[in-house]
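Participant: data.txt is the file, holding compact mmCIF, C-alpha atoms (C1' of nucleotides):
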```txt
# COMPACT_ATOMS: atom_id res chain seq x y z
CA MET A 1 0.00 0.00 0.00
CA ILE A 2 1.21 3.44 -0.92
CA SER A 3 2.17 5.57 2.08
CA THR A 4 0.39 8.72 3.18
CA PHE A 5 3.55 10.73 2.58
CA GLU A 6 3.80 9.54 -1.01
CA VAL A 7 0.14 10.27 -1.65
CA MET A 8 0.52 13.76 -0.26
CA ALA A 9 3.57 14.46 -2.38
CA GLU A 10 1.40 15.18 -5.41
CA PRO A 11 0.22 18.84 -5.53
CA ASN A 12 -3.10 18.04 -7.24
CA ARG A 13 -3.89 15.53 -4.53
CA ARG A 14 -3.15 18.05 -1.79
CA ARG A 15 -5.37 20.49 -3.63
CA ILE A 16 -8.16 17.90 -3.75
CA LEU A 17 -7.93 17.46 0.00
CA GLU A 18 -8.15 21.20 0.46
CA LEU A 19 -11.16 21.41 -1.84
CA ILE A 20 -13.08 18.70 -0.04
CA GLY A 21 -11.74 19.68 3.35
CA GLU A 22 -14.67 22.03 3.88
CA GLY A 23 -17.16 19.28 3.26
CA GLU A 24 -18.01 16.60 0.70
CA ARG A 25 -17.91 17.51 -2.98
CA PRO A 26 -18.73 15.77 -6.26
CA VAL A 27 -15.94 15.09 -8.75
CA SER A 28 -17.21 17.79 -11.10
CA ASP A 29 -16.44 20.41 -8.43
CA LEU A 30 -12.79 19.35 -8.50
CA VAL A 31 -12.19 19.20 -12.23
CA GLY A 32 -12.47 22.96 -12.65
CA PRO A 33 -10.00 24.17 -10.01
CA LEU A 34 -7.43 21.51 -10.88
CA LYS A 35 -6.15 22.11 -14.36
CA ILE A 36 -6.14 18.47 -15.40
CA SER A 37 -8.64 16.22 -17.18
CA GLN A 38 -11.55 14.51 -15.42
CA PRO A 39 -9.97 11.06 -15.79
CA ALA A 40 -6.81 12.37 -14.17
CA VAL A 41 -8.86 13.64 -11.25
CA SER A 42 -10.57 10.25 -10.89
CA LYS A 43 -7.18 8.60 -10.91
CA HIS A 44 -6.00 10.79 -8.04
CA LEU A 45 -9.22 10.14 -6.15
CA ARG A 46 -8.67 6.42 -6.54
CA ILE A 47 -5.20 6.73 -5.05
CA LEU A 48 -6.49 8.88 -2.22
CA ARG A 49 -9.20 6.33 -1.53
CA GLN A 50 -6.84 3.37 -1.55
CA ALA A 51 -4.63 5.18 0.94
CA GLY A 52 -7.64 5.82 3.16
CA LEU A 53 -7.41 9.58 2.79
CA VAL A 54 -10.90 10.00 1.36
CA GLU A 55 -14.25 8.23 1.44
CA VAL A 56 -17.03 8.25 -1.16
CA ARG A 57 -20.74 7.90 -1.14
CA SER A 58 -23.04 7.80 -4.14
CA GLN A 59 -25.86 10.20 -4.75
CA ALA A 60 -27.51 9.46 -8.09
CA GLN A 61 -24.77 9.65 -10.72
CA ARG A 62 -22.71 11.86 -8.45
CA ARG A 63 -20.01 10.51 -6.24
CA LEU A 64 -19.45 12.64 -3.18
CA TYR A 65 -15.96 12.58 -1.73
CA ARG A 66 -14.94 13.61 1.75
CA VAL A 67 -11.72 13.60 3.76
CA ARG A 68 -10.84 10.79 6.17
CA SER A 69 -8.73 12.46 8.80
CA GLU A 70 -7.10 9.41 10.37
CA PRO A 71 -4.01 9.21 8.12
CA LEU A 72 -3.56 12.97 8.34
CA ARG A 73 -3.55 12.70 12.11
CA GLU A 74 -0.90 10.00 11.94
CA MET A 75 1.26 12.17 9.71
CA TYR A 76 0.75 15.06 12.07
CA GLU A 77 1.92 12.89 14.93
CA TRP A 78 4.96 11.69 13.03
CA LEU A 79 6.00 15.31 12.59
CA HIS A 80 5.32 15.90 16.23
CA GLN A 81 8.51 14.05 17.10
CA TYR A 82 10.45 17.02 15.68
CA ARG A 83 8.46 19.59 17.54
CA ARG A 84 11.16 20.00 20.18
CA LEU A 85 13.54 21.07 17.41
CA TRP A 86 11.61 24.13 16.40
CA GLU A 87 10.47 24.80 19.91
CA SER A 88 14.02 24.77 21.20
CA ARG A 89 14.86 27.45 18.64
CA LEU A 90 11.94 29.45 19.90
CA ASP A 91 13.21 28.96 23.44
CA LYS A 92 16.59 30.24 22.39
CA LEU A 93 14.98 33.29 20.85
CA GLU A 94 12.91 33.90 23.96
CA ASN A 95 15.98 33.50 26.12
CA HIS A 96 17.76 35.97 23.94
CA LEU A 97 14.95 38.47 24.24
CA ASP A 98 14.90 37.93 27.98
CA THR A 99 18.60 38.66 28.09
CA MET A 100 18.06 41.85 26.14
CA ALA A 101 15.27 43.02 28.40
CA MET B 1 12.63 24.03 -5.92
CA ILE B 2 11.30 20.65 -4.84
CA SER B 3 8.58 20.83 -2.17
CA THR B 4 8.92 19.55 1.37
CA PHE B 5 6.11 17.08 0.73
CA GLU B 6 7.88 15.58 -2.27
CA VAL B 7 11.14 15.33 -0.38
CA MET B 8 9.44 13.57 2.49
CA ALA B 9 7.73 11.09 0.18
CA GLU B 10 10.91 9.03 -0.06
CA PRO B 11 11.22 6.47 2.79
CA ASN B 12 15.03 6.61 2.92
CA ARG B 13 14.89 10.37 3.28
CA ARG B 14 12.43 10.13 6.15
CA ARG B 15 14.72 7.57 7.73
CA ILE B 16 17.67 9.93 7.36
CA LEU B 17 15.73 12.63 9.18
CA GLU B 18 14.95 10.19 11.96
CA LEU B 19 18.58 9.15 12.20
CA ILE B 20 19.90 12.67 12.47
CA GLY B 21 16.91 13.88 14.46
CA GLU B 22 18.68 13.04 17.70
CA GLY B 23 21.66 15.15 16.77
CA GLU B 24 24.15 15.67 13.97
CA ARG B 25 25.69 12.60 12.34
CA PRO B 26 28.32 11.94 9.67
CA VAL B 27 27.29 10.31 6.40
CA SER B 28 28.97 7.03 7.35
CA ASP B 29 26.50 6.65 10.24
CA LEU B 30 23.64 6.70 7.75
CA VAL B 31 24.97 4.28 5.15
CA GLY B 32 24.67 1.28 7.47
CA PRO B 33 21.03 1.62 8.59
CA LEU B 34 19.80 2.54 5.12
CA LYS B 35 20.31 -0.41 2.83
CA ILE B 36 21.52 1.61 -0.12
CA SER B 37 24.95 2.61 -1.41
CA GLN B 38 26.91 5.58 -0.08
CA PRO B 39 26.43 7.59 -3.28
CA ALA B 40 22.70 7.04 -3.01
CA VAL B 41 22.78 8.39 0.54
CA SER B 42 24.75 11.44 -0.59
CA LYS B 43 22.20 12.00 -3.32
CA HIS B 44 19.36 12.01 -0.79
CA LEU B 45 21.31 14.34 1.47
CA ARG B 46 21.77 16.73 -1.41
CA ILE B 47 18.04 16.78 -2.05
CA LEU B 48 17.32 17.27 1.65
CA ARG B 49 19.82 20.10 1.76
CA GLN B 50 18.43 21.84 -1.30
CA ALA B 51 14.97 21.68 0.24
CA GLY B 52 16.30 23.22 3.44
CA LEU B 53 15.53 20.15 5.52
CA VAL B 54 19.11 19.60 6.64
CA GLU B 55 22.27 21.60 7.19
CA VAL B 56 25.89 20.46 7.02
CA ARG B 57 29.13 21.46 8.61
CA SER B 58 32.54 20.05 7.90
CA GLN B 59 34.79 18.45 10.45
CA ALA B 60 37.97 17.21 8.79
CA GLN B 61 36.85 14.84 6.02
CA ARG B 62 33.57 14.23 7.80
CA ARG B 63 30.46 16.10 6.92
CA LEU B 64 28.06 16.40 9.83
CA TYR B 65 24.40 16.68 8.94
CA ARG B 66 21.62 17.96 11.16
CA VAL B 67 17.92 18.64 10.78
CA ARG B 68 16.56 22.09 9.99
CA SER B 69 13.14 22.15 11.58
CA GLU B 70 11.62 25.10 9.75
CA PRO B 71 10.12 23.20 6.78
CA LEU B 72 8.88 20.48 9.11
CA ARG B 73 7.09 23.09 11.17
CA GLU B 74 5.47 24.49 8.04
CA MET B 75 4.28 21.02 7.05
CA TYR B 76 2.98 20.49 10.55
CA GLU B 77 1.05 23.71 10.31
CA TRP B 78 -0.38 22.81 6.93
CA LEU B 79 -1.78 19.64 8.48
CA HIS B 80 -3.11 21.67 11.33
CA GLN B 81 -5.91 22.95 9.11
CA TYR B 82 -7.42 19.44 9.22
CA ARG B 83 -7.12 19.12 12.95
CA ARG B 84 -10.77 19.95 13.49
CA LEU B 85 -11.68 16.92 11.37
CA TRP B 86 -10.12 14.37 13.66
CA GLU B 87 -11.04 16.34 16.74
CA SER B 88 -14.68 16.49 15.72
CA ARG B 89 -14.67 12.71 15.45
CA LEU B 90 -13.24 12.55 18.91
CA ASP B 91 -16.02 14.85 20.06
CA LYS B 92 -18.58 12.54 18.53
CA LEU B 93 -17.05 9.59 20.31
CA GLU B 94 -17.03 11.46 23.59
CA ASN B 95 -20.64 12.50 23.08
CA HIS B 96 -21.50 8.92 22.38
CA LEU B 97 -19.79 7.77 25.53
CA ASP B 98 -21.57 10.50 27.47
CA THR B 99 -24.85 9.27 26.11
CA MET B 100 -24.02 5.74 27.18
CA ALA B 101 -23.05 6.78 30.68
C1' DC C 1 53.57 14.51 -1.94
C1' DA C 2 51.80 9.54 -1.77
C1' DG C 3 48.32 7.14 -0.02
C1' DC C 4 44.26 6.59 2.72
C1' DT C 5 39.54 8.01 4.30
C1' DA C 6 35.23 10.22 3.74
C1' DT C 7 32.08 12.11 0.78
C1' DA C 8 30.39 14.07 -3.57
C1' DT C 9 29.49 14.03 -8.52
C1' DA C 10 28.82 11.91 -13.23
C1' DG C 11 26.67 8.94 -16.15
C1' DC C 12 23.73 5.16 -17.06
C1' DT C 13 19.43 2.36 -16.54
C1' DG C 14 14.94 0.29 -15.32
C1' DA C 15 10.78 1.23 -13.03
C1' DT C 16 6.97 4.22 -12.05
C1' DA C 17 4.03 8.22 -12.07
C1' DG C 18 1.05 11.18 -14.00
C1' DG C 19 -0.96 13.12 -18.03
C1' DA C 20 -3.97 12.57 -22.31
C1' DT C 21 -7.60 10.34 -25.24
C1' DA C 22 -10.88 6.76 -25.90
C1' DT C 23 -14.21 3.83 -23.94
C1' DA C 24 -17.02 1.51 -20.29
C1' DT C 25 -20.22 1.87 -16.48
C1' DT C 26 -24.01 3.60 -13.73
C1' DA C 27 -28.04 6.12 -12.95
C1' DA C 28 -31.47 9.41 -14.14
C1' DC C 29 -35.11 11.05 -17.48
C1' DC C 30 -38.18 11.34 -21.38
C1' DG D 1 -35.47 1.43 -23.89
C1' DG D 2 -32.59 5.23 -25.90
C1' DT D 3 -30.28 9.38 -24.60
C1' DT D 4 -27.78 12.35 -21.62
C1' DA D 5 -24.91 13.14 -17.46
C1' DA D 6 -21.37 11.92 -14.22
C1' DT D 7 -17.66 9.20 -13.20
C1' DA D 8 -14.50 5.30 -13.71
C1' DT D 9 -11.32 2.33 -16.22
C1' DA D 10 -8.07 1.08 -20.11
C1' DT D 11 -4.27 2.08 -22.82
C1' DC D 12 -0.50 4.56 -24.28
C1' DC D 13 3.36 7.88 -23.87
C1' DT D 14 6.88 10.75 -21.73
C1' DA D 15 9.45 12.40 -18.03
C1' DT D 16 11.42 11.81 -13.74
C1' DC D 17 13.41 9.24 -9.91
C1' DA D 18 16.12 6.37 -7.32
C1' DG D 19 19.43 3.00 -7.59
C1' DC D 20 24.09 1.41 -9.24
C1' DT D 21 29.18 1.70 -10.62
C1' DA D 22 32.96 4.46 -11.63
C1' DT D 23 35.40 8.50 -10.73
C1' DA D 24 36.51 13.04 -8.72
C1' DT D 25 37.40 15.95 -4.75
C1' DA D 26 38.88 17.27 -0.09
C1' DG D 27 41.42 16.67 3.85
C1' DC D 28 44.26 14.06 6.97
C1' DT D 29 48.78 11.41 7.91
C1' DG D 30 53.22 9.46 7.43
```
Take the structure in this file and express it as structure tokens.

Facilitator:
Amino acid sequence: MISTFEVMAEPNRRRILELIGEGERPVSDLVGPLKISQPAVSKHLRILRQAGLVEVRSQAQRRLYRVRSEPLREMYEWLHQYRRLWESRLDKLENHLDTMA
Amino acid sequence: MISTFEVMAEPNRRRILELIGEGERPVSDLVGPLKISQPAVSKHLRILRQAGLVEVRSQAQRRLYRVRSEPLREMYEWLHQYRRLWESRLDKLENHLDTMA
DNA sequence: CAGCTATATAGCTGATAGGATATATTAACC
DNA sequence: GGTTAATATATCCTATCAGCTATATAGCTG
């Protein structure tokens, strides 16, 4: 299975997540903003679905896609392990400002 | 310039970040754990450096690499926009548990 | 400066990704 | 049931990526 990081590497796929992040949207709503063909959009949606990043439900001919947050949370938590790195810099800056004061 | 997301898509590059996350390390310390050749490691380090994800300093023939947290923080913050999605689920679960209690 | 160590760069190659066009599928509507 | 609408799948093509081997560079050490 393709990893969340790999899936998110593609700009159009990130854009799709942003577009449906507000709430579920049919495919046709995505084809406009992304400057690629409808089949290309469907291909990305398939990849997103297989990676568990989106879910679909059918409404007539429409297919409504929405974000599944679980993998995003996992990614967020992976990054969390580096949090101390940027926070320590912040600490240093604060310390510096304290010293100046 | 190649995006942070693309850089992070490669498993060996993520592993490199984990390996030097604890503190700076010479290239030779990375070649073992990663099961790829030394030139391949150097190639990944170059990409990481160009994307601003690592910094180097020289110590004799050694080159010591360390993480630059800035792009990681930005990625973290990008993901933050979806935080409400997984938190709302949590809310639902909590509500459900409340109802059961 | 010769030789050794550590790392980087060059050049090649096979695999894969992502795009396009053409076609199939599914569901509504007359 | 035939047509239109919305989306998915198939097929093909090109470009890029990540690996390898060979070689270059930089810096120590005798």

Participant: Point out the residue among A:Met8, A:Ile2, A:Val31, A:Ile20 with the least atom-to-atom distance to DA6 (chain D), counting all atoms listed in the file.

Facilitator: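 Among the listed residues, A:Val31 lies closest to DA6 (chain D).
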
Participant: List as a list in words: which residues have an atom within 8 Å of (24.1, 11.8, 4.8), counting all atoms listed in the file?

Facilitator: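 Those within range, by chain then number, are Ile16, Arg25, Pro26, Val27, Ser28, Asp29, Leu30, Val31, Val41, Ser42, His44, Leu45, Arg63, Leu64 and Tyr65 of chain B.
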
Participant: Find the residues near region 22-24 of chain D: any atom within 12 Å, counting all atoms listed in the file, skip ones fewer than 4 places away on the same chain, and give them as a count of residues only.

Facilitator: 7

Participant: Can you show chain B as a PDB file with C-alpha atoms, in the frame of the given file once it has been least-squares superposed onto chain A, using every C-alpha atom paired in order?

Facilitator:
```pdb
ATOM      1  CA  MET B   1      -0.066  -0.041  -0.140  1.00  0.00           C
ATOM      2  CA  ILE B   2       1.184   3.432  -1.000  1.00  0.00           C
ATOM      3  CA  SER B   3       2.142   5.535   2.036  1.00  0.00           C
ATOM      4  CA  THR B   4       0.357   8.672   3.158  1.00  0.00           C
ATOM      5  CA  PHE B   5       3.534  10.667   2.581  1.00  0.00           C
ATOM      6  CA  GLU B   6       3.800   9.528  -1.026  1.00  0.00           C
ATOM      7  CA  VAL B   7       0.151  10.267  -1.660  1.00  0.00           C
ATOM      8  CA  MET B   8       0.520  13.742  -0.242  1.00  0.00           C
ATOM      9  CA  ALA B   9       3.588  14.464  -2.357  1.00  0.00           C
ATOM     10  CA  GLU B  10       1.406  15.216  -5.372  1.00  0.00           C
ATOM     11  CA  PRO B  11       0.234  18.875  -5.461  1.00  0.00           C
ATOM     12  CA  ASN B  12      -3.090  18.095  -7.162  1.00  0.00           C
ATOM     13  CA  ARG B  13      -3.876  15.546  -4.483  1.00  0.00           C
ATOM     14  CA  ARG B  14      -3.156  18.039  -1.724  1.00  0.00           C
ATOM     15  CA  ARG B  15      -5.382  20.497  -3.539  1.00  0.00           C
ATOM     16  CA  ILE B  16      -8.159  17.914  -3.701  1.00  0.00           C
ATOM     17  CA  LEU B  17      -7.932  17.442   0.053  1.00  0.00           C
ATOM     18  CA  GLU B  18      -8.168  21.185   0.533  1.00  0.00           C
ATOM     19  CA  LEU B  19     -11.165  21.391  -1.767  1.00  0.00           C
ATOM     20  CA  ILE B  20     -13.098  18.673  -0.010  1.00  0.00           C
ATOM     21  CA  GLY B  21     -11.775  19.630   3.410  1.00  0.00           C
ATOM     22  CA  GLU B  22     -14.711  21.964   3.933  1.00  0.00           C
ATOM     23  CA  GLY B  23     -17.189  19.206   3.264  1.00  0.00           C
ATOM     24  CA  GLU B  24     -18.023  16.543   0.709  1.00  0.00           C
ATOM     25  CA  ARG B  25     -17.934  17.491  -2.971  1.00  0.00           C
ATOM     26  CA  PRO B  26     -18.722  15.763  -6.269  1.00  0.00           C
ATOM     27  CA  VAL B  27     -15.923  15.106  -8.747  1.00  0.00           C
ATOM     28  CA  SER B  28     -17.182  17.822 -11.096  1.00  0.00           C
ATOM     29  CA  ASP B  29     -16.437  20.434  -8.409  1.00  0.00           C
ATOM     30  CA  LEU B  30     -12.793  19.383  -8.455  1.00  0.00           C
ATOM     31  CA  VAL B  31     -12.173  19.272 -12.195  1.00  0.00           C
ATOM     32  CA  GLY B  32     -12.481  23.044 -12.580  1.00  0.00           C
ATOM     33  CA  PRO B  33     -10.010  24.227  -9.913  1.00  0.00           C
ATOM     34  CA  LEU B  34      -7.435  21.580 -10.787  1.00  0.00           C
ATOM     35  CA  LYS B  35      -6.170  22.224 -14.278  1.00  0.00           C
ATOM     36  CA  ILE B  36      -6.133  18.601 -15.338  1.00  0.00           C
ATOM     37  CA  SER B  37      -8.602  16.353 -17.150  1.00  0.00           C
ATOM     38  CA  GLN B  38     -11.494  14.592 -15.427  1.00  0.00           C
ATOM     39  CA  PRO B  39      -9.899  11.155 -15.814  1.00  0.00           C
ATOM     40  CA  ALA B  40      -6.760  12.479 -14.175  1.00  0.00           C
ATOM     41  CA  VAL B  41      -8.838  13.712 -11.243  1.00  0.00           C
ATOM     42  CA  SER B  42     -10.542  10.326 -10.937  1.00  0.00           C
ATOM     43  CA  LYS B  43      -7.142   8.681 -10.953  1.00  0.00           C
ATOM     44  CA  HIS B  44      -5.980  10.847  -8.050  1.00  0.00           C
ATOM     45  CA  LEU B  45      -9.199  10.157  -6.178  1.00  0.00           C
ATOM     46  CA  ARG B  46      -8.632   6.452  -6.592  1.00  0.00           C
ATOM     47  CA  ILE B  47      -5.161   6.750  -5.112  1.00  0.00           C
ATOM     48  CA  LEU B  48      -6.468   8.879  -2.247  1.00  0.00           C
ATOM     49  CA  ARG B  49      -9.190   6.340  -1.604  1.00  0.00           C
ATOM     50  CA  GLN B  50      -6.840   3.374  -1.633  1.00  0.00           C
ATOM     51  CA  ALA B  51      -4.632   5.161   0.877  1.00  0.00           C
ATOM     52  CA  GLY B  52      -7.634   5.781   3.109  1.00  0.00           C
ATOM     53  CA  LEU B  53      -7.412   9.546   2.767  1.00  0.00           C
ATOM     54  CA  VAL B  54     -10.895   9.956   1.327  1.00  0.00           C
ATOM     55  CA  GLU B  55     -14.234   8.184   1.379  1.00  0.00           C
ATOM     56  CA  VAL B  56     -17.002   8.206  -1.224  1.00  0.00           C
ATOM     57  CA  ARG B  57     -20.727   7.826  -1.230  1.00  0.00           C
ATOM     58  CA  SER B  58     -22.998   7.748  -4.222  1.00  0.00           C
ATOM     59  CA  GLN B  59     -25.855  10.114  -4.829  1.00  0.00           C
ATOM     60  CA  ALA B  60     -27.495   9.352  -8.165  1.00  0.00           C
ATOM     61  CA  GLN B  61     -24.723   9.582 -10.773  1.00  0.00           C
ATOM     62  CA  ARG B  62     -22.698  11.821  -8.496  1.00  0.00           C
ATOM     63  CA  ARG B  63     -19.987  10.486  -6.302  1.00  0.00           C
ATOM     64  CA  LEU B  64     -19.443  12.589  -3.204  1.00  0.00           C
ATOM     65  CA  TYR B  65     -15.953  12.543  -1.760  1.00  0.00           C
ATOM     66  CA  ARG B  66     -14.935  13.552   1.738  1.00  0.00           C
ATOM     67  CA  VAL B  67     -11.739  13.540   3.760  1.00  0.00           C
ATOM     68  CA  ARG B  68     -10.863  10.735   6.156  1.00  0.00           C
ATOM     69  CA  SER B  69      -8.756  12.381   8.816  1.00  0.00           C
ATOM     70  CA  GLU B  70      -7.135   9.320  10.353  1.00  0.00           C
ATOM     71  CA  PRO B  71      -4.032   9.148   8.112  1.00  0.00           C
ATOM     72  CA  LEU B  72      -3.602  12.905   8.372  1.00  0.00           C
ATOM     73  CA  ARG B  73      -3.602  12.623  12.138  1.00  0.00           C
ATOM     74  CA  GLU B  74      -0.956   9.912  11.963  1.00  0.00           C
ATOM     75  CA  MET B  75       1.212  12.109   9.747  1.00  0.00           C
ATOM     76  CA  TYR B  76       0.693  14.987  12.128  1.00  0.00           C
ATOM     77  CA  GLU B  77       1.827  12.816  14.983  1.00  0.00           C
ATOM     78  CA  TRP B  78       4.879  11.624  13.101  1.00  0.00           C
ATOM     79  CA  LEU B  79       5.916  15.253  12.689  1.00  0.00           C
ATOM     80  CA  HIS B  80       5.248  15.814  16.329  1.00  0.00           C
ATOM     81  CA  GLN B  81       8.470  14.006  17.198  1.00  0.00           C
ATOM     82  CA  TYR B  82      10.376  16.995  15.767  1.00  0.00           C
ATOM     83  CA  ARG B  83       8.346  19.544  17.634  1.00  0.00           C
ATOM     84  CA  ARG B  84      11.016  19.995  20.273  1.00  0.00           C
ATOM     85  CA  LEU B  85      13.418  21.089  17.528  1.00  0.00           C
ATOM     86  CA  TRP B  86      11.459  24.136  16.500  1.00  0.00           C
ATOM     87  CA  GLU B  87      10.342  24.807  20.038  1.00  0.00           C
ATOM     88  CA  SER B  88      13.904  24.771  21.312  1.00  0.00           C
ATOM     89  CA  ARG B  89      14.759  27.418  18.737  1.00  0.00           C
ATOM     90  CA  LEU B  90      11.872  29.451  19.991  1.00  0.00           C
ATOM     91  CA  ASP B  91      13.220  29.019  23.504  1.00  0.00           C
ATOM     92  CA  LYS B  92      16.592  30.280  22.377  1.00  0.00           C
ATOM     93  CA  LEU B  93      14.987  33.307  20.806  1.00  0.00           C
ATOM     94  CA  GLU B  94      12.993  33.992  23.938  1.00  0.00           C
ATOM     95  CA  ASN B  95      16.106  33.611  26.067  1.00  0.00           C
ATOM     96  CA  HIS B  96      17.873  36.008  23.791  1.00  0.00           C
ATOM     97  CA  LEU B  97      15.092  38.527  24.093  1.00  0.00           C
ATOM     98  CA  ASP B  98      15.120  38.078  27.859  1.00  0.00           C
ATOM     99  CA  THR B  99      18.810  38.784  27.875  1.00  0.00           C
ATOM    100  CA  MET B 100      18.261  41.932  25.854  1.00  0.00           C
ATOM    101  CA  ALA B 101      15.513  43.188  28.122  1.00  0.00           C
TER     102      ALA B 101
END
```

Participant: Please report the interatomic distance between CA of Val7 (chain A) and CA of Lys35 (chain A) in Å with one decimal.

Facilitator: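 Straight-line distance from CA of Val7 (chain A) to CA of Lys35 (chain A) works out to 18.5 Å.
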
Participant: What's around DA18 (chain D) at 10 Å? Count all atoms listed in the file, leave out sequence neighbours fewer than 5 positions away in its own chain, and write the answer as a PDB file with C-alpha atoms (C1' of nucleotides), in the frame of the given file.

Facilitator:
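The file below, part06.pdb, is the result:
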```pdb
ATOM      1  CA  GLU B  10      10.910   9.030  -0.060  1.00  0.00           C
ATOM      2  CA  ALA B  40      22.700   7.040  -3.010  1.00  0.00           C
ATOM      3  CA  LYS B  43      22.200  12.000  -3.320  1.00  0.00           C
ATOM      4  CA  HIS B  44      19.360  12.010  -0.790  1.00  0.00           C
TER       5      HIS B  44
ATOM      6  C1'  DA C  15      10.780   1.230 -13.030  1.00  0.00           C
TER       7       DA C  15
END
```

Participant: Smallest atom-to-atom distance to DG27 (chain D): which of B:Arg62, B:His80, B:Arg73, B:Arg14, using all atoms listed in the file?

Facilitator: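 Of B:Arg62, B:His80, B:Arg73, B:Arg14, the one nearest DG27 (chain D) is B:Arg62, counting all atoms listed in the file.
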
Participant: Within 6 Å of chain B, which residues of chain A show up? Give each one with its shortest atom-to-atom distance in Å (one decimal) and the two atoms involved, counting all atoms listed in the file, rows by chain then rising residue number, as JSON lines.

Facilitator:
```
{"residue": "A:Phe5", "atom": "CA", "partner": "B:Ala9", "partner_atom": "CA", "distance": 4.8}
{"residue": "A:Glu6", "atom": "CA", "partner": "B:Ala9", "partner_atom": "CA", "distance": 4.4}
{"residue": "A:Ala9", "atom": "CA", "partner": "B:Glu6", "partner_atom": "CA", "distance": 4.5}
{"residue": "A:Ser69", "atom": "CA", "partner": "B:Trp86", "partner_atom": "CA", "distance": 5.4}
{"residue": "A:Leu85", "atom": "CA", "partner": "B:Ser69", "partner_atom": "CA", "distance": 5.9}
{"residue": "A:Trp86", "atom": "CA", "partner": "B:Ser69", "partner_atom": "CA", "distance": 5.4}
```

Participant: Residues of chain C within 12 Å of chain A, using only C-alpha atoms (C1' of nucleotides), as a list of chain:residue names?

Facilitator: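 Using only C-alpha atoms (C1' of nucleotides), chain C residues at most 12 Å from chain A: C:DA17, C:DG18, C:DG19, C:DA20, C:DT21, C:DA22, C:DT23, C:DT25, C:DT26, C:DA27, C:DA28.
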
Participant: Based on all atoms listed in the file, which of the residues in chain D come within 10 Å of chain B? I want them as a list of chain:residue names.

Facilitator: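 That gives D:DA18, D:DG19, D:DC20, D:DT21, D:DA26, D:DG27, D:DC28 for chain D.
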
Participant: Between CA of Met1 (chain A) and CA of Ile47 (chain A), what is the distance in Å, rounded to a tenth?

Facilitator: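 Spanning CA of Met1 (chain A) to CA of Ile47 (chain A) is a straight-line distance of 9.9 Å.
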
Participant: Have a look at CA of Leu48 (chain A) and C1' of DT9 (chain D) and let me know their distance in Å, one decimal.

Facilitator: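 That distance, rounded to one decimal, is 16.2 Å.
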